[in-house]
$ cat protein-v1.txt   # compact mmCIF, C-alpha atoms
# COMPACT_ATOMS: atom_id res chain seq x y z
CA MET P 51 27.14 201.80 -32.74
CA SER P 52 24.52 200.25 -35.04
CA LEU P 53 25.44 199.21 -38.58
CA SER P 54 23.22 200.92 -41.16
CA VAL P 55 22.12 198.65 -44.01
CA LEU P 56 20.46 199.32 -47.38
CA VAL P 57 18.59 196.31 -48.83
CA VAL P 58 18.33 196.13 -52.62
CA ASP P 59 16.20 193.53 -54.44
CA ASP P 60 13.57 193.76 -57.16
CA GLN P 61 11.24 191.35 -55.33
CA GLY P 62 9.34 193.07 -52.54
CA ILE P 63 8.83 189.92 -50.52
CA VAL P 64 12.54 189.14 -50.61
CA ARG P 65 13.44 192.68 -49.55
CA ALA P 66 10.96 192.50 -46.69
CA GLY P 67 12.35 189.18 -45.54
CA PHE P 68 15.95 190.37 -45.53
CA ALA P 69 14.98 193.64 -43.86
CA ALA P 70 13.08 191.83 -41.08
CA VAL P 71 16.03 189.56 -40.35
CA ILE P 72 18.49 192.45 -40.30
CA ASP P 73 16.32 194.83 -38.27
CA ALA P 74 15.84 192.17 -35.60
CA GLU P 75 19.53 192.47 -34.69
CA GLU P 76 20.52 194.90 -31.95
CA ASP P 77 23.61 196.06 -33.83
CA MET P 78 21.96 196.61 -37.23
CA THR P 79 19.36 198.97 -38.68
CA VAL P 80 17.81 198.90 -42.14
CA VAL P 81 17.88 202.53 -43.27
CA GLY P 82 16.31 201.97 -46.67
CA GLU P 83 15.13 199.60 -49.39
CA ALA P 84 15.45 199.77 -53.18
CA GLY P 85 13.84 197.75 -55.95
CA ASP P 86 16.40 198.36 -58.70
CA GLY P 87 19.99 199.41 -59.23
CA ALA P 88 19.20 203.01 -60.14
CA ALA P 89 17.32 203.50 -56.87
CA ALA P 90 20.17 201.81 -55.03
CA VAL P 91 22.68 204.28 -56.47
CA ARG P 92 20.51 207.21 -55.43
CA LEU P 93 19.78 205.92 -51.92
CA ALA P 94 23.39 204.96 -51.33
CA GLU P 95 24.33 208.60 -51.76
CA GLU P 96 21.39 209.97 -49.79
CA LEU P 97 21.54 207.54 -46.84
CA ALA P 98 25.29 206.72 -46.70
CA PRO P 99 24.75 203.19 -45.31
CA ASP P 100 27.61 201.14 -43.91
CA VAL P 101 26.64 198.05 -45.94
CA ILE P 102 24.47 197.42 -48.98
CA VAL P 103 22.91 193.99 -49.49
CA MET P 104 22.68 193.93 -53.29
CA ASP P 105 20.80 191.66 -55.68
CA VAL P 106 22.37 191.01 -59.12
CA ARG P 107 19.51 190.68 -61.61
CA MET P 108 17.28 193.75 -61.49
CA PRO P 109 15.54 196.12 -63.95
CA GLU P 110 16.75 199.62 -64.84
CA LEU P 111 20.30 198.96 -63.63
CA ASP P 112 21.60 195.56 -62.53
CA GLY P 113 23.39 194.99 -59.25
CA ILE P 114 26.85 194.68 -60.81
CA ALA P 115 26.59 198.03 -62.57
CA ALA P 116 25.09 199.66 -59.47
CA THR P 117 27.90 198.26 -57.33
CA ARG P 118 30.51 199.65 -59.73
CA ILE P 119 29.00 203.14 -59.52
CA ILE P 120 28.56 203.07 -55.74
CA THR P 121 32.02 201.75 -54.89
CA GLY P 122 33.61 204.25 -57.25
CA ARG P 123 32.60 207.09 -54.96
CA GLU P 124 34.51 208.47 -52.01
CA ASN P 125 33.78 206.86 -48.64
CA ALA P 126 31.80 204.15 -50.40
CA PRO P 127 29.77 201.65 -48.37
CA ARG P 128 30.65 197.96 -48.42
CA VAL P 129 28.58 195.88 -50.81
CA LEU P 130 27.51 192.31 -50.11
CA VAL P 131 26.08 190.76 -53.27
CA LEU P 132 23.33 188.13 -52.97
CA THR P 133 21.98 186.17 -55.90
CA THR P 134 19.98 183.08 -56.75
CA PHE P 135 22.52 182.05 -59.38
CA ASP P 136 25.82 180.45 -58.40
CA LEU P 137 27.63 181.44 -61.59
CA ASP P 138 31.38 182.08 -61.65
CA ALA P 139 30.96 185.07 -63.95
CA TYR P 140 28.53 186.74 -61.53
CA VAL P 141 30.87 186.23 -58.61
CA PHE P 142 33.92 187.61 -60.34
CA ASP P 143 32.09 190.47 -62.02
CA ALA P 144 30.76 191.44 -58.58
CA LEU P 145 34.26 191.43 -57.10
CA ARG P 146 35.73 193.44 -59.95
CA ALA P 147 32.87 195.92 -59.58
CA GLY P 148 33.94 196.49 -55.98
CA ALA P 149 31.80 194.11 -53.92
CA SER P 150 33.32 192.89 -50.67
CA GLY P 151 31.47 189.59 -50.62
CA PHE P 152 29.15 187.24 -52.45
CA LEU P 153 26.49 184.91 -51.01
CA LEU P 154 23.57 182.93 -52.37
CA LYS P 155 20.07 184.01 -51.38
CA ASP P 156 19.32 180.67 -49.76
CA VAL P 157 21.93 181.18 -47.04
CA HIS P 158 20.79 180.75 -43.46
CA ALA P 159 19.87 184.01 -41.73
CA SER P 160 22.87 183.68 -39.43
CA GLU P 161 25.22 183.48 -42.45
CA LEU P 162 23.70 186.62 -43.94
CA LEU P 163 24.11 188.52 -40.68
CA HIS P 164 27.67 187.24 -40.29
CA GLY P 165 28.42 188.32 -43.86
CA ILE P 166 27.16 191.84 -43.20
CA ARG P 167 29.31 192.15 -40.10
CA VAL P 168 32.36 190.73 -41.89
CA VAL P 169 32.23 193.08 -44.89
CA ALA P 170 31.50 196.03 -42.59
CA ALA P 171 34.79 195.22 -40.86
CA GLY P 172 36.65 195.32 -44.18
CA GLU P 173 36.93 191.58 -44.72
CA SER P 174 35.61 189.25 -47.42
CA VAL P 175 32.97 186.55 -46.99
CA LEU P 176 34.18 184.44 -49.91
CA ALA P 177 35.39 180.97 -49.00
CA PRO P 178 39.12 180.49 -49.70
CA SER P 179 38.48 177.69 -52.21
CA ALA P 180 36.05 179.87 -54.16
CA THR P 181 38.51 182.77 -54.15
CA ARG P 182 41.34 180.63 -55.54
CA ARG P 183 39.12 178.99 -58.17
CA LEU P 184 37.61 182.23 -59.45
CA ILE P 185 40.71 184.37 -59.39
CA GLY P 186 42.86 181.67 -60.91
CA HIS P 187 40.42 181.18 -63.78
CA TYR P 188 39.58 184.78 -64.64
CA ALA P 189 42.25 187.18 -63.45
CA SER P 190 44.57 186.79 -66.44
CA GLY P 191 41.91 188.07 -68.81
CA ALA P 192 41.68 191.77 -67.98
CA GLY P 193 43.12 194.57 -65.90
CA THR P 194 41.96 195.21 -62.38
CA GLY P 195 40.34 198.53 -63.14
CA PHE P 196 41.78 199.89 -59.90
CA ARG P 197 43.53 203.23 -59.59
CA ALA P 198 46.87 203.76 -61.32
CA GLU P 199 48.91 203.45 -58.12
CA SER P 200 47.72 199.83 -57.80
CA GLY P 201 50.26 198.54 -60.31
CA PRO P 202 53.78 197.11 -60.50
CA ARG P 203 55.43 200.40 -59.52
CA ALA P 204 53.36 200.57 -56.33
CA LEU P 205 54.62 197.11 -55.37
CA GLU P 206 58.07 198.60 -54.98
CA SER P 207 56.81 200.39 -51.88
CA LEU P 208 55.96 197.09 -50.17
CA THR P 209 58.43 195.38 -47.89
CA GLN P 210 59.35 191.75 -48.59
CA ARG P 211 57.15 190.67 -45.68
CA GLU P 212 54.20 192.75 -46.95
CA ARG P 213 54.50 191.11 -50.38
CA PHE P 214 54.42 187.69 -48.78
CA VAL P 215 51.41 188.65 -46.66
CA LEU P 216 49.71 189.84 -49.86
CA SER P 217 50.28 186.43 -51.46
CA LEU P 218 48.81 184.71 -48.39
CA VAL P 219 45.77 187.00 -48.44
CA ALA P 220 45.31 186.10 -52.12
CA SER P 221 45.40 182.40 -51.28
CA GLY P 222 42.33 182.92 -49.09
CA LEU P 223 43.93 182.75 -45.63
CA ASN P 224 42.37 184.83 -42.87
CA ASN P 225 44.41 186.86 -40.37
CA ALA P 226 44.63 184.06 -37.81
CA GLU P 227 45.86 181.60 -40.44
CA ILE P 228 48.43 184.06 -41.75
CA ALA P 229 49.63 184.67 -38.19
CA GLU P 230 50.11 180.94 -37.68
CA GLU P 231 51.88 180.59 -41.05
CA LEU P 232 54.35 183.37 -40.27
CA GLY P 233 54.69 182.82 -36.53
CA ILE P 234 53.54 186.34 -35.67
CA THR P 235 50.57 187.83 -33.83
CA VAL P 236 47.19 188.54 -35.42
CA GLY P 237 47.70 192.20 -34.55
CA THR P 238 50.94 192.26 -36.55
CA VAL P 239 49.17 190.64 -39.50
CA LYS P 240 46.48 193.33 -39.38
CA SER P 241 49.19 195.98 -39.41
CA HIS P 242 50.83 194.41 -42.46
CA VAL P 243 47.50 194.12 -44.29
CA ASN P 244 46.50 197.70 -43.49
CA ALA P 245 49.90 198.95 -44.64
CA LEU P 246 49.82 197.14 -47.97
CA LEU P 247 46.24 198.23 -48.67
CA ARG P 248 47.21 201.84 -47.98
CA LYS P 249 50.35 201.67 -50.12
CA LEU P 250 48.52 200.06 -53.04
CA GLY P 251 45.52 202.35 -52.84
CA LEU P 252 43.10 199.45 -52.33
CA ARG P 253 39.87 199.37 -50.34
CA ASP P 254 39.91 195.83 -48.97
CA ARG P 255 41.27 192.27 -49.13
CA VAL P 256 39.11 191.37 -52.13
CA GLN P 257 40.75 194.05 -54.27
CA ALA P 258 44.15 192.99 -52.90
CA THR P 259 43.45 189.39 -53.94
CA ILE P 260 42.47 190.35 -57.48
CA LEU P 261 45.50 192.61 -57.84
CA ALA P 262 47.86 189.91 -56.55
CA TYR P 263 46.67 187.51 -59.24
CA ASP P 264 46.70 190.15 -61.96
CA LEU P 265 50.34 190.96 -61.14
CA GLY P 266 51.44 187.34 -60.86
CA LEU P 267 52.14 187.45 -57.12
CA ALA P 268 49.78 184.54 -56.48
CA ARG P 269 48.59 181.43 -58.26
CA PRO P 270 45.40 179.37 -57.85
CA ASN P 271 47.24 177.06 -55.46
CA PRO P 272 48.24 178.39 -52.03
CA PRO P 273 51.80 179.68 -51.75
CA GLY P 274 54.44 177.56 -50.11
CA THR P 275 55.16 177.60 -46.44
CA HIS P 276 58.64 179.08 -46.67
CA THR P 277 58.72 182.55 -45.20
CA PRO P 278 61.18 185.21 -46.27

$ encode --input "protein-v1.txt" --output "C-alpha cells"
Amino acid sequence: MSLSVLVVDDQGIVRAGFAAVIDAEEDMTVVGEAGDGAAAVRLAEELAPDVIVMDVRMPELDGIAATRIITGRENAPRVLVLTTFDLDAYVFDALRAGASGFLLKDVHASELLHGIRVVAAGESVLAPSATRRLIGHYASGAGTGFRAESGPRALESLTQRERFVLSLVASGLNNAEIAEELGITVGTVKSHVNALLRKLGLRDRVQATILAYDLGLARPNPPGTHTP
C-alpha cells in the first residue's frame, strides 16, 4: 500500500522539488501541499496523510507549533521536520512537539525517502549521537508534556527487562543493536518496545527517549553493557 505524504514548506520551489522526488517512488504518493503551518493543520485533518514533511520557519504558524497541534490529535500522522538551520533548539523543540524525525533540507533525495519510510514505520531518523547530545543537554529543563500516564507511576508497570530496553532505546540503539546487546532476537526487542510504548502511553521511540531522560532512566552516555 502506498504511503500518503503531505509536503509543507513556504517556498513553492522547495515544495515542488520535494513533491517530485516523493511522487517518483512507487510506494509513496503526495496527497497535498501547504505553504504555512495553518494550512498544514487544516490539510492534515482533511487528507489524513501517513507522513508530513514539515518545514520549521513559516508564516502564519511555524512548523513546530503546527506539529504540536497535529500530533496532539487522535490517529495523528508522523511528522518529519526538515529545516535549513541545524540548531539544537529547533531539533529538540520539534521532538517535544511530537515530530518523529529531523533532517536538514540539503539531505540527499535517498536520505529524505529513507526518512519518510522510517518514521512511517514508527522509528526515528535521528542519529544516536545527536539524540544523546540533545536529550542530555535539554531534557532536565522542562516536563515532557506527554499524557499523565507517562510518568513515574507508569514505570511501575514495566518489567525490569522493559526498563532496560527503554534505557537502550534512549541511548540511540536501534532494534538490531539492542538485540545484540541483550542476546535476544530482533522480534523479541520489537515486542518489548511495543509493550513499553503501550504501557507508557507513548506514540514512538522519540517520545520514549525524551521520557527516559526526563525520568532519569538514561544519561547522555550509553548505558553499560550489564544486562539484568

$ closest_residue --input "protein-v1.txt" --among "P:Leu247, P:Ala159, P:Leu130, P:Ala116" --to "Ile102 in chain P" --atoms "all atoms listed in the file"
P:Leu130

$ atom_distance --input "protein-v1.txt" --atom1 "CA of Gly165 in chain P" --atom2 "CA of Gln257 in chain P"
17.1 Å

$ residues_near_point --input "protein-v1.txt" --point "(22.1, 199.3, -56.3)" --cutoff "12 Å" --atoms "all atoms listed in the file" --output "ChimeraX atom specification"
/P:56-60,82-95,99,101-121,127-132,144,147,149

$ atom_distance --input "protein-v1.txt" --atom1 "CA of Gly222 in chain P" --atom2 "CA of Gly122 in chain P"
24.4 Å

$ residues_around --input "protein-v1.txt" --residues "Val175 in chain P" --least-positions-apart "5" --cutoff "7 Å" --atoms "only C-alpha atoms" --output "PyMOL selection string"
chain P and resi 151-152+165+168-169

$ closest_residue --input "protein-v1.txt" --among "P:Glu76, P:Ser150, P:Glu206, P:Asn125" --to "Ala171 in chain P" --atoms "all atoms listed in the file"
P:Ser150

$ closest_residue --input "protein-v1.txt" --among "P:Leu145, P:Ile166, P:Leu208, P:Val243" --to "Asn225 in chain P" --atoms "all atoms listed in the file"
P:Val243

$ atom_distance --input "protein-v1.txt" --atom1 "CA of Val219 in chain P" --atom2 "CA of Asp156 in chain P"
27.2 Å

$ residues_around --input "protein-v1.txt" --residues "Arg213 in chain P" --least-positions-apart "5" --cutoff "9 Å" --atoms "only C-alpha atoms" --output "number ranges by chain"
P: 205, 208, 218, 246, 267

$ closest_residue --input "protein-v1.txt" --among "P:Thr134, P:His164, P:Ile260, P:Gln61" --to "Met78 in chain P" --atoms "all atoms listed in the file"
P:His164

$ residues_near_point --input "protein-v1.txt" --point "(37.7, 199.7, -45.4)" --cutoff "6 Å" --atoms "all atoms listed in the file" --output "VMD selection string"
chain P and resid 172 253 to 254

$ write_last_selection --input "protein-v1.txt" --atoms "C-alpha atoms" --output "mmCIF file, in the coordinates of the input"
data_model
loop_
_atom_site.group_PDB
_atom_site.id
_atom_site.type_symbol
_atom_site.label_atom_id
_atom_site.label_comp_id
_atom_site.auth_asym_id
_atom_site.auth_seq_id
_atom_site.Cartn_x
_atom_site.Cartn_y
_atom_site.Cartn_z
ATOM 1 C CA GLY P 172 36.650 195.320 -44.180
ATOM 2 C CA ARG P 253 39.870 199.370 -50.340
ATOM 3 C CA ASP P 254 39.910 195.830 -48.970
#

$ closest_residue --input "protein-v1.txt" --among "P:Ser217, P:Thr235, P:Ser174, P:Ser207" --to "Arg255 in chain P" --atoms "only C-alpha atoms"
P:Ser174
